[in-house]
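Here's query-v4.pdb, which has PDB, C-alpha atoms, pLDDT in the B column:
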MODEL        1
ATOM      1  CA  MET A   1       2.630 116.519  75.144  1.00 76.00           C
ATOM      2  CA  ILE A   2       0.037 116.599  72.381  1.00 83.00           C
ATOM      3  CA  LEU A   3      -3.641 116.718  73.317  1.00 90.00           C
ATOM      4  CA  SER A   4      -5.561 113.450  73.248  1.00 91.00           C
ATOM      5  CA  GLU A   5      -8.486 112.951  70.876  1.00 92.00           C
ATOM      6  CA  LYS A   6     -10.841 113.091  73.864  1.00 94.00           C
ATOM      7  CA  GLU A   7      -9.360 116.408  75.047  1.00 95.00           C
ATOM      8  CA  ILE A   8      -9.634 117.868  71.536  1.00 95.00           C
ATOM      9  CA  ASN A   9     -13.219 116.643  71.266  1.00 94.00           C
ATOM     10  CA  ASN A  10     -14.096 118.338  74.579  1.00 95.00           C
ATOM     11  CA  ILE A  11     -12.478 121.611  73.453  1.00 95.00           C
ATOM     12  CA  LEU A  12     -14.349 121.503  70.138  1.00 95.00           C
ATOM     13  CA  LYS A  13     -17.653 120.901  71.940  1.00 95.00           C
ATOM     14  CA  GLU A  14     -16.961 123.937  74.134  1.00 95.00           C
ATOM     15  CA  LYS A  15     -15.631 126.258  71.409  1.00 93.00           C
ATOM     16  CA  LEU A  16     -18.040 125.184  68.648  1.00 94.00           C
ATOM     17  CA  PRO A  17     -21.301 124.603  70.559  1.00 93.00           C
ATOM     18  CA  ASN A  18     -23.499 124.698  67.429  1.00 93.00           C
ATOM     19  CA  LEU A  19     -21.896 121.554  66.018  1.00 96.00           C
ATOM     20  CA  ASN A  20     -23.169 118.083  66.916  1.00 96.00           C
ATOM     21  CA  GLN A  21     -20.823 115.150  67.414  1.00 96.00           C
ATOM     22  CA  ASP A  22     -21.023 114.043  63.767  1.00 96.00           C
ATOM     23  CA  ASP A  23     -20.137 117.589  62.650  1.00 97.00           C
ATOM     24  CA  ILE A  24     -17.206 117.677  65.071  1.00 97.00           C
ATOM     25  CA  ASP A  25     -15.999 114.299  63.774  1.00 96.00           C
ATOM     26  CA  ASP A  26     -16.261 115.522  60.159  1.00 96.00           C
ATOM     27  CA  PHE A  27     -14.293 118.670  60.970  1.00 97.00           C
ATOM     28  CA  PHE A  28     -11.705 116.789  63.028  1.00 96.00           C
ATOM     29  CA  ASN A  29     -11.133 114.381  60.104  1.00 96.00           C
ATOM     30  CA  ILE A  30      -9.815 117.166  57.841  1.00 97.00           C
ATOM     31  CA  THR A  31      -7.414 118.533  60.484  1.00 97.00           C
ATOM     32  CA  THR A  32      -4.019 117.724  61.904  1.00 96.00           C
ATOM     33  CA  CYS A  33      -3.424 118.405  65.589  1.00 96.00           C
ATOM     34  CA  LYS A  34      -0.118 120.118  66.269  1.00 96.00           C
ATOM     35  CA  LYS A  35       1.680 121.196  69.409  1.00 97.00           C
ATOM     36  CA  VAL A  36       3.793 124.245  68.631  1.00 97.00           C
ATOM     37  CA  ASP A  37       6.485 125.412  71.028  1.00 96.00           C
ATOM     38  CA  ASN A  38       7.009 129.016  72.089  1.00 94.00           C
ATOM     39  CA  LYS A  39       8.283 131.325  69.312  1.00 94.00           C
ATOM     40  CA  LYS A  40       8.023 128.598  66.666  1.00 97.00           C
ATOM     41  CA  ILE A  41       6.497 129.489  63.306  1.00 97.00           C
ATOM     42  CA  ILE A  42       3.140 127.904  62.430  1.00 97.00           C
ATOM     43  CA  LEU A  43       2.772 129.342  58.914  1.00 95.00           C
ATOM     44  CA  LYS A  44       5.428 131.532  57.303  1.00 94.00           C
ATOM     45  CA  SER A  45       5.007 134.440  54.914  1.00 93.00           C
ATOM     46  CA  GLY A  46       5.558 133.394  51.316  1.00 91.00           C
ATOM     47  CA  ASN A  47       3.620 130.160  51.905  1.00 88.00           C
ATOM     48  CA  THR A  48       1.514 129.236  48.875  1.00 87.00           C
ATOM     49  CA  SER A  49      -0.799 126.640  50.426  1.00 87.00           C
ATOM     50  CA  LYS A  50      -4.262 127.665  51.618  1.00 91.00           C
ATOM     51  CA  LYS A  51      -3.872 126.680  55.269  1.00 94.00           C
ATOM     52  CA  ALA A  52      -5.808 127.827  58.306  1.00 95.00           C
ATOM     53  CA  PHE A  53      -5.940 126.693  61.906  1.00 97.00           C
ATOM     54  CA  LEU A  54      -8.088 126.719  65.015  1.00 97.00           C
ATOM     55  CA  ILE A  55      -6.332 127.593  68.267  1.00 96.00           C
ATOM     56  CA  LEU A  56      -7.211 124.944  70.845  1.00 96.00           C
ATOM     57  CA  GLU A  57      -4.941 126.229  73.621  1.00 94.00           C
ATOM     58  CA  GLY A  58      -2.636 129.221  73.825  1.00 92.00           C
ATOM     59  CA  THR A  59      -2.018 132.424  71.908  1.00 91.00           C
ATOM     60  CA  VAL A  60      -0.749 133.226  68.412  1.00 94.00           C
ATOM     61  CA  ARG A  61       0.559 136.405  66.890  1.00 92.00           C
ATOM     62  CA  GLY A  62       0.423 137.247  63.202  1.00 93.00           C
ATOM     63  CA  TYR A  63       2.892 139.755  61.857  1.00 94.00           C
ATOM     64  CA  ILE A  64       4.336 141.184  58.689  1.00 93.00           C
ATOM     65  CA  THR A  65       7.919 142.287  58.260  1.00 92.00           C
ATOM     66  CA  ASP A  66       8.332 145.751  56.767  1.00 89.00           C
ATOM     67  CA  LYS A  67      10.995 146.892  54.279  1.00 91.00           C
ATOM     68  CA  GLU A  68      13.397 147.686  57.124  1.00 92.00           C
ATOM     69  CA  GLY A  69      13.024 144.153  58.502  1.00 90.00           C
ATOM     70  CA  ILE A  70      10.894 145.266  61.480  1.00 88.00           C
ATOM     71  CA  GLU A  71       8.073 142.975  62.575  1.00 90.00           C
ATOM     72  CA  LYS A  72       4.637 144.588  62.856  1.00 90.00           C
ATOM     73  CA  ASN A  73       1.978 142.667  64.794  1.00 89.00           C
ATOM     74  CA  ILE A  74      -1.237 142.645  62.799  1.00 88.00           C
ATOM     75  CA  LEU A  75      -3.167 140.297  65.040  1.00 87.00           C
ATOM     76  CA  ILE A  76      -2.977 138.528  68.359  1.00 87.00           C
ATOM     77  CA  ARG A  77      -5.452 135.668  68.797  1.00 89.00           C
ATOM     78  CA  SER A  78      -6.178 133.139  71.502  1.00 88.00           C
ATOM     79  CA  GLU A  79      -8.190 129.985  72.175  1.00 90.00           C
ATOM     80  CA  GLY A  80     -11.242 129.205  70.102  1.00 92.00           C
ATOM     81  CA  ILE A  81     -10.315 131.523  67.221  1.00 93.00           C
ATOM     82  CA  PHE A  82      -9.785 130.452  63.614  1.00 95.00           C
ATOM     83  CA  VAL A  83      -6.667 132.032  62.101  1.00 95.00           C
ATOM     84  CA  ALA A  84      -5.477 132.488  58.512  1.00 93.00           C
ATOM     85  CA  ASP A  85      -4.085 135.071  56.145  1.00 91.00           C
ATOM     86  CA  VAL A  86      -7.435 135.944  54.579  1.00 84.00           C
ATOM     87  CA  ARG A  87      -5.929 137.390  51.399  1.00 82.00           C
ATOM     88  CA  LYS A  88      -4.151 134.096  50.780  1.00 82.00           C
ATOM     89  CA  LEU A  89      -7.339 132.094  51.269  1.00 80.00           C
ATOM     90  CA  PHE A  90      -9.234 134.072  48.649  1.00 82.00           C
ATOM     91  CA  SER A  91      -6.495 134.806  46.116  1.00 85.00           C
ATOM     92  CA  ASP A  92      -3.435 133.220  44.552  1.00 84.00           C
ATOM     93  CA  GLU A  93      -1.067 135.636  46.276  1.00 87.00           C
ATOM     94  CA  PRO A  94       1.564 134.114  48.566  1.00 89.00           C
ATOM     95  CA  GLN A  95       0.785 134.455  52.279  1.00 90.00           C
ATOM     96  CA  ARG A  96       1.918 137.824  53.698  1.00 92.00           C
ATOM     97  CA  TYR A  97       1.578 137.103  57.421  1.00 93.00           C
ATOM     98  CA  THR A  98       3.811 134.931  59.543  1.00 96.00           C
ATOM     99  CA  PHE A  99       2.027 133.202  62.422  1.00 97.00           C
ATOM    100  CA  GLU A 100       4.049 132.440  65.546  1.00 96.00           C
ATOM    101  CA  ALA A 101       3.252 130.671  68.812  1.00 95.00           C
ATOM    102  CA  VAL A 102       3.297 132.844  71.937  1.00 92.00           C
ATOM    103  CA  GLY A 103       4.052 130.254  74.604  1.00 90.00           C
ATOM    104  CA  ASN A 104       3.397 126.590  73.939  1.00 94.00           C
ATOM    105  CA  ILE A 105       0.180 126.097  72.006  1.00 95.00           C
ATOM    106  CA  HIS A 106      -2.067 123.440  70.450  1.00 97.00           C
ATOM    107  CA  ILE A 107      -3.791 123.975  67.106  1.00 97.00           C
ATOM    108  CA  LEU A 108      -5.841 122.101  64.536  1.00 97.00           C
ATOM    109  CA  LEU A 109      -4.283 122.806  61.141  1.00 97.00           C
ATOM    110  CA  PHE A 110      -6.325 122.257  57.990  1.00 97.00           C
ATOM    111  CA  ASN A 111      -6.510 122.976  54.281  1.00 95.00           C
ATOM    112  CA  TYR A 112      -9.108 125.690  53.725  1.00 94.00           C
ATOM    113  CA  LYS A 113     -10.316 124.100  50.472  1.00 94.00           C
ATOM    114  CA  ASP A 114     -11.169 120.923  52.430  1.00 96.00           C
ATOM    115  CA  PHE A 115     -13.085 123.071  54.905  1.00 97.00           C
ATOM    116  CA  GLU A 116     -15.032 124.772  52.103  1.00 95.00           C
ATOM    117  CA  ILE A 117     -15.941 121.397  50.557  1.00 96.00           C
ATOM    118  CA  LEU A 118     -17.083 120.170  53.970  1.00 97.00           C
ATOM    119  CA  ALA A 119     -19.182 123.320  54.431  1.00 96.00           C
ATOM    120  CA  LYS A 120     -20.907 122.821  51.075  1.00 96.00           C
ATOM    121  CA  ASN A 121     -22.037 119.365  52.186  1.00 95.00           C
ATOM    122  CA  ASN A 122     -22.963 120.118  55.801  1.00 96.00           C
ATOM    123  CA  SER A 123     -25.309 122.942  56.812  1.00 96.00           C
ATOM    124  CA  ASN A 124     -23.929 123.178  60.372  1.00 96.00           C
ATOM    125  CA  ILE A 125     -20.360 123.475  59.070  1.00 96.00           C
ATOM    126  CA  MET A 126     -21.601 126.031  56.511  1.00 97.00           C
ATOM    127  CA  GLN A 127     -23.013 128.093  59.380  1.00 96.00           C
ATOM    128  CA  LEU A 128     -19.645 127.810  61.153  1.00 95.00           C
ATOM    129  CA  TYR A 129     -17.901 128.902  57.928  1.00 94.00           C
ATOM    130  CA  LEU A 130     -20.176 131.958  57.646  1.00 95.00           C
ATOM    131  CA  ASN A 131     -19.689 132.795  61.336  1.00 93.00           C
ATOM    132  CA  ILE A 132     -15.898 132.659  60.897  1.00 92.00           C
ATOM    133  CA  LEU A 133     -16.114 135.094  57.969  1.00 90.00           C
ATOM    134  CA  LYS A 134     -18.441 137.413  59.897  1.00 93.00           C
ATOM    135  CA  GLU A 135     -16.130 137.346  62.909  1.00 90.00           C
ATOM    136  CA  ALA A 136     -13.153 138.197  60.684  1.00 87.00           C
ATOM    137  CA  VAL A 137     -14.985 141.210  59.230  1.00 89.00           C
ATOM    138  CA  VAL A 138     -16.056 142.408  62.696  1.00 90.00           C
ATOM    139  CA  ARG A 139     -12.529 142.037  64.100  1.00 86.00           C
ATOM    140  CA  LEU A 140     -11.023 143.864  61.127  1.00 86.00           C
ATOM    141  CA  SER A 141     -13.481 146.766  61.273  1.00 90.00           C
ATOM    142  CA  TYR A 142     -13.007 147.015  65.052  1.00 88.00           C
ATOM    143  CA  ARG A 143      -9.211 147.067  64.633  1.00 86.00           C
ATOM    144  CA  ILE A 144      -9.401 149.896  62.080  1.00 89.00           C
ATOM    145  CA  GLU A 145     -11.923 151.856  64.142  1.00 91.00           C
ATOM    146  CA  SER A 146      -9.942 151.495  67.381  1.00 88.00           C
ATOM    147  CA  LEU A 147      -6.711 152.655  65.729  1.00 87.00           C
ATOM    148  CA  ILE A 148      -8.474 155.735  64.383  1.00 91.00           C
ATOM    149  CA  THR A 149     -10.759 156.717  67.282  1.00 93.00           C
ATOM    150  CA  MET A 150      -9.060 155.524  70.488  1.00 90.00           C
ATOM    151  CA  THR A 151      -5.953 156.595  72.335  1.00 91.00           C
ATOM    152  CA  SER A 152      -3.345 153.936  72.997  1.00 89.00           C
ATOM    153  CA  GLU A 153      -4.462 153.776  76.635  1.00 89.00           C
ATOM    154  CA  GLU A 154      -8.100 153.300  75.597  1.00 90.00           C
ATOM    155  CA  ARG A 155      -7.042 150.494  73.223  1.00 88.00           C
ATOM    156  CA  TYR A 156      -5.085 148.843  76.033  1.00 86.00           C
ATOM    157  CA  LEU A 157      -8.019 149.131  78.453  1.00 87.00           C
ATOM    158  CA  ASP A 158     -10.301 147.695  75.789  1.00 87.00           C
ATOM    159  CA  LEU A 159      -7.977 144.698  75.355  1.00 81.00           C
ATOM    160  CA  LEU A 160      -8.064 144.203  79.125  1.00 80.00           C
ATOM    161  CA  LYS A 161     -11.857 144.306  79.110  1.00 82.00           C
ATOM    162  CA  ILE A 162     -12.254 141.928  76.157  1.00 76.00           C
ATOM    163  CA  ASN A 163      -9.868 139.278  77.428  1.00 70.00           C
ATOM    164  CA  PRO A 164      -7.848 139.897  80.614  1.00 68.00           C
ATOM    165  CA  LYS A 165      -6.348 136.374  80.600  1.00 66.00           C
ATOM    166  CA  PHE A 166      -5.168 136.930  77.054  1.00 63.00           C
ATOM    167  CA  LEU A 167      -2.831 139.789  78.031  1.00 68.00           C
ATOM    168  CA  ASN A 168      -1.282 137.670  80.781  1.00 69.00           C
ATOM    169  CA  LYS A 169      -0.070 135.223  78.119  1.00 71.00           C
ATOM    170  CA  VAL A 170       1.388 137.763  75.674  1.00 76.00           C
ATOM    171  CA  TYR A 171       4.735 139.509  75.988  1.00 80.00           C
ATOM    172  CA  ASP A 172       4.459 143.247  76.629  1.00 84.00           C
ATOM    173  CA  LYS A 173       6.617 143.951  73.555  1.00 85.00           C
ATOM    174  CA  HIS A 174       4.019 142.191  71.352  1.00 85.00           C
ATOM    175  CA  VAL A 175       1.150 144.099  72.973  1.00 85.00           C
ATOM    176  CA  ALA A 176       2.993 147.409  72.500  1.00 86.00           C
ATOM    177  CA  ASN A 177       3.700 146.572  68.865  1.00 85.00           C
ATOM    178  CA  TYR A 178       0.059 145.573  68.316  1.00 84.00           C
ATOM    179  CA  LEU A 179      -1.130 148.860  69.862  1.00 85.00           C
ATOM    180  CA  GLY A 180       1.337 150.821  67.729  1.00 83.00           C
ATOM    181  CA  ILE A 181       3.284 152.237  70.680  1.00 86.00           C
ATOM    182  CA  THR A 182       6.708 151.791  72.262  1.00 85.00           C
ATOM    183  CA  ASN A 183       7.453 149.426  75.144  1.00 85.00           C
ATOM    184  CA  VAL A 184       8.126 152.468  77.338  1.00 89.00           C
ATOM    185  CA  SER A 185       4.707 153.956  76.533  1.00 89.00           C
ATOM    186  CA  LEU A 186       3.011 150.647  77.329  1.00 86.00           C
ATOM    187  CA  SER A 187       4.883 150.444  80.618  1.00 87.00           C
ATOM    188  CA  ARG A 188       3.601 153.929  81.560  1.00 89.00           C
ATOM    189  CA  ILE A 189       0.037 152.966  80.612  1.00 88.00           C
ATOM    190  CA  ILE A 190       0.212 149.792  82.713  1.00 85.00           C
ATOM    191  CA  LYS A 191       1.534 151.782  85.706  1.00 88.00           C
ATOM    192  CA  ARG A 192      -1.281 154.333  85.381  1.00 87.00           C
ATOM    193  CA  VAL A 193      -3.917 151.610  85.032  1.00 82.00           C
ATOM    194  CA  ASN A 194      -2.592 149.718  88.056  1.00 81.00           C
ATOM    195  CA  LYS A 195      -2.375 152.945  90.096  1.00 81.00           C
ATOM    196  CA  ASN A 196      -6.002 153.798  89.254  1.00 79.00           C
ATOM    197  CA  LYS A 197      -7.115 150.328  90.462  1.00 73.00           C
ATOM    198  CA  THR A 198      -5.823 151.025  93.985  1.00 65.00           C
TER
ENDMDL
END
Go through the file and emit its structure as structure tokens.
Amino acid sequence: MILSEKEINNILKEKLPNLNQDDIDDFFNITTCKKVDNKKIILKSGNTSKKAFLILEGTVRGYITDKEGIEKNILIRSEGIFVADVRKLFSDEPQRYTFEAVGNIHILLFNYKDFEILAKNNSNIMQLYLNILKEAVVRLSYRIESLITMTSEERYLDLLKINPKFLNKVYDKHVANYLGITNVSLSRIIKRVNKNKT
């Protein structure tokens, strides 16, 4: 069942606390609320429209498919996060990532150009726009740094620390892929972590 307008409004108030009700209404007016079932595609690679979305409930994975046809998870995001293929938003290239629902999810889908126009006319939305860009840069730099400086176990423990509920919603195979390790290696890490807790 799709979320009601009241439920969406409450989520937006919680996830975007710097926006007042008029700002929330303005943002909501450029979006389409969608319920996406488990493993269904939200936006597919090759897409040429400049679309983005806010995750209201649930988890999303973004992946690319390599030359051998193997999916590589680039990102895993959950509630309250804005998601898009950034290269597509700022260039005329077709979208490279495919975004897929992990479990049943609710999102607000919108055209990024509409969001930019809204930001130009509303200082609170402009601040949100800037915060989204800053967050994207921080997440990207963290991802690069963690892949270079941390072991796979340290990256897993860091994911647990950042968002323990998040890992409960994601399949182990997606977590392993995201960490750049095999399912067997992840299973060993999880066993060691659980053993150290006792």
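Among A:Ile11, A:Ile64, A:Leu128, A:Leu186, the residue with the shortest atom-to-atom distance to Lys173 of chain A, counting all atoms listed in the file, is A:Leu186.
Residues matched by the PyMOL selection byres ((chain A and resi 116) around 12) in this structure: A:Phe27, A:Ile30, A:Lys50, A:Lys51, A:Ala52, A:Leu89, A:Phe90, A:Phe110, A:Asn111, A:Tyr112, A:Lys113, A:Asp114, A:Phe115, A:Ile117, A:Leu118, A:Ala119, A:Lys120, A:Asn121, A:Asn122, A:Ser123, A:Ile125, A:Met126, A:Gln127, A:Leu128, A:Tyr129, A:Leu130, A:Ile132, A:Leu133.
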For this session: Starting from the displayed file, determine the output of the PyMOL selection byres ((chain A and resi 141-155) around 10) and express the residue list as a PyMOL selection string.
Result: chain A and resi 74-75+135-140+156-161+176+178-181+185-186+188-190+192-193
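Of the residues listed (A:Asn131, A:Asn124, A:Asn47, A:Thr31), A:Asn47 shows the shortest atom-to-atom separation from Asp85 of chain A; distances use only C-alpha atoms.
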For this session: Run the PyMOL selection byres ((chain A and resi 101) around 6) against the file shown and list the residues it catches, as a PyMOL selection string.
Result: chain A and resi 38-40+60+100+102-103
Those residues with C-alpha atoms, as a PDB file, in the coordinates of the input please?
ATOM      1  CA  ASN A  38       7.009 129.016  72.089  1.00 94.00           C
ATOM      2  CA  LYS A  39       8.283 131.325  69.312  1.00 94.00           C
ATOM      3  CA  LYS A  40       8.023 128.598  66.666  1.00 97.00           C
ATOM      4  CA  VAL A  60      -0.749 133.226  68.412  1.00 94.00           C
ATOM      5  CA  GLU A 100       4.049 132.440  65.546  1.00 96.00           C
ATOM      6  CA  VAL A 102       3.297 132.844  71.937  1.00 92.00           C
ATOM      7  CA  GLY A 103       4.052 130.254  74.604  1.00 90.00           C
TER       8      GLY A 103
END
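The space between atom CA of Ile42 of chain A and atom CA of Phe99 of chain A spans 5.4 Å.
Residue nearest Thr32 of chain A, chosen from A:Leu3, A:Lys134, A:Glu71, A:Arg87 and counting all atoms listed in the file: A:Leu3.
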Edge lengths and centre in Å to one decimal, as AutoDock Vina command-line options, of the axis-aligned box that encloses all listed atoms of segment 47-57 of chain A with 5 Å added on every side?
--center_x -2.2 --center_y 127.6 --center_z 61.2 --size_x 21.7 --size_y 15.2 --size_z 34.7
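Counting from atom CA of Lys197 of chain A, the distance to atom CA of Asn73 of chain A is 28.3 Å.
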Problem set entry | Non-local contacts of Gly46 of chain A (10 Å; all atoms listed in the file; under 4 positions in same chain excluded) as a PyMOL selection string | chain A and resi 88+93-98
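Comparing the minimum interatomic distances between Ser49 of chain A and each of A:Ile76, A:Ala84, A:Val175, A:Met1, counting only C-alpha atoms, we find that A:Ala84 sits nearest.
When atom CA of Val83 of chain A is paired with atom CA of Thr59 of chain A, their separation reads 10.9 Å.
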Since fewer atoms than expected are present, regenerate N, CA and C atoms for segment 112-132 of chain A and write them as a compact mmCIF listing (two decimals), keeping the file's coordinate frame.
# COMPACT_ATOMS: atom_id res chain seq x y z
N TYR A 112 -7.86 124.94 53.78
CA TYR A 112 -9.11 125.69 53.72
C TYR A 112 -10.04 125.18 52.63
N LYS A 113 -9.47 124.67 51.54
CA LYS A 113 -10.32 124.10 50.47
C LYS A 113 -11.10 122.90 51.00
N ASP A 114 -10.46 122.06 51.83
CA ASP A 114 -11.17 120.92 52.43
C ASP A 114 -12.31 121.41 53.32
N PHE A 115 -12.06 122.50 54.03
CA PHE A 115 -13.08 123.07 54.90
C PHE A 115 -14.26 123.60 54.08
N GLU A 116 -13.96 124.26 52.97
CA GLU A 116 -15.03 124.77 52.10
C GLU A 116 -15.87 123.64 51.52
N ILE A 117 -15.22 122.55 51.10
CA ILE A 117 -15.94 121.40 50.56
C ILE A 117 -16.84 120.81 51.63
N LEU A 118 -16.30 120.69 52.85
CA LEU A 118 -17.08 120.17 53.97
C LEU A 118 -18.30 121.06 54.24
N ALA A 119 -18.09 122.37 54.18
CA ALA A 119 -19.18 123.32 54.43
C ALA A 119 -20.28 123.20 53.38
N LYS A 120 -19.91 122.96 52.14
CA LYS A 120 -20.91 122.82 51.08
C LYS A 120 -21.81 121.61 51.29
N ASN A 121 -21.29 120.61 52.00
CA ASN A 121 -22.04 119.36 52.19
C ASN A 121 -22.66 119.22 53.57
N ASN A 122 -22.48 120.23 54.42
CA ASN A 122 -22.96 120.12 55.80
C ASN A 122 -23.45 121.50 56.25
N SER A 123 -24.74 121.62 56.49
CA SER A 123 -25.31 122.94 56.81
C SER A 123 -24.77 123.51 58.12
N ASN A 124 -24.49 122.67 59.11
CA ASN A 124 -23.93 123.18 60.37
C ASN A 124 -22.51 123.71 60.17
N ILE A 125 -21.72 123.00 59.37
CA ILE A 125 -20.36 123.48 59.07
C ILE A 125 -20.44 124.74 58.22
N MET A 126 -21.41 124.81 57.32
CA MET A 126 -21.60 126.03 56.51
C MET A 126 -21.90 127.22 57.42
N GLN A 127 -22.72 127.01 58.43
CA GLN A 127 -23.01 128.09 59.38
C GLN A 127 -21.75 128.50 60.13
N LEU A 128 -20.92 127.52 60.51
CA LEU A 128 -19.64 127.81 61.15
C LEU A 128 -18.76 128.63 60.20
N TYR A 129 -18.68 128.21 58.96
CA TYR A 129 -17.90 128.90 57.93
C TYR A 129 -18.34 130.36 57.82
N LEU A 130 -19.65 130.59 57.73
CA LEU A 130 -20.18 131.96 57.65
C LEU A 130 -19.87 132.76 58.91
N ASN A 131 -19.99 132.12 60.07
CA ASN A 131 -19.69 132.79 61.34
C ASN A 131 -18.22 133.20 61.42
N ILE A 132 -17.33 132.34 60.90
CA ILE A 132 -15.90 132.66 60.90
C ILE A 132 -15.65 133.89 60.03
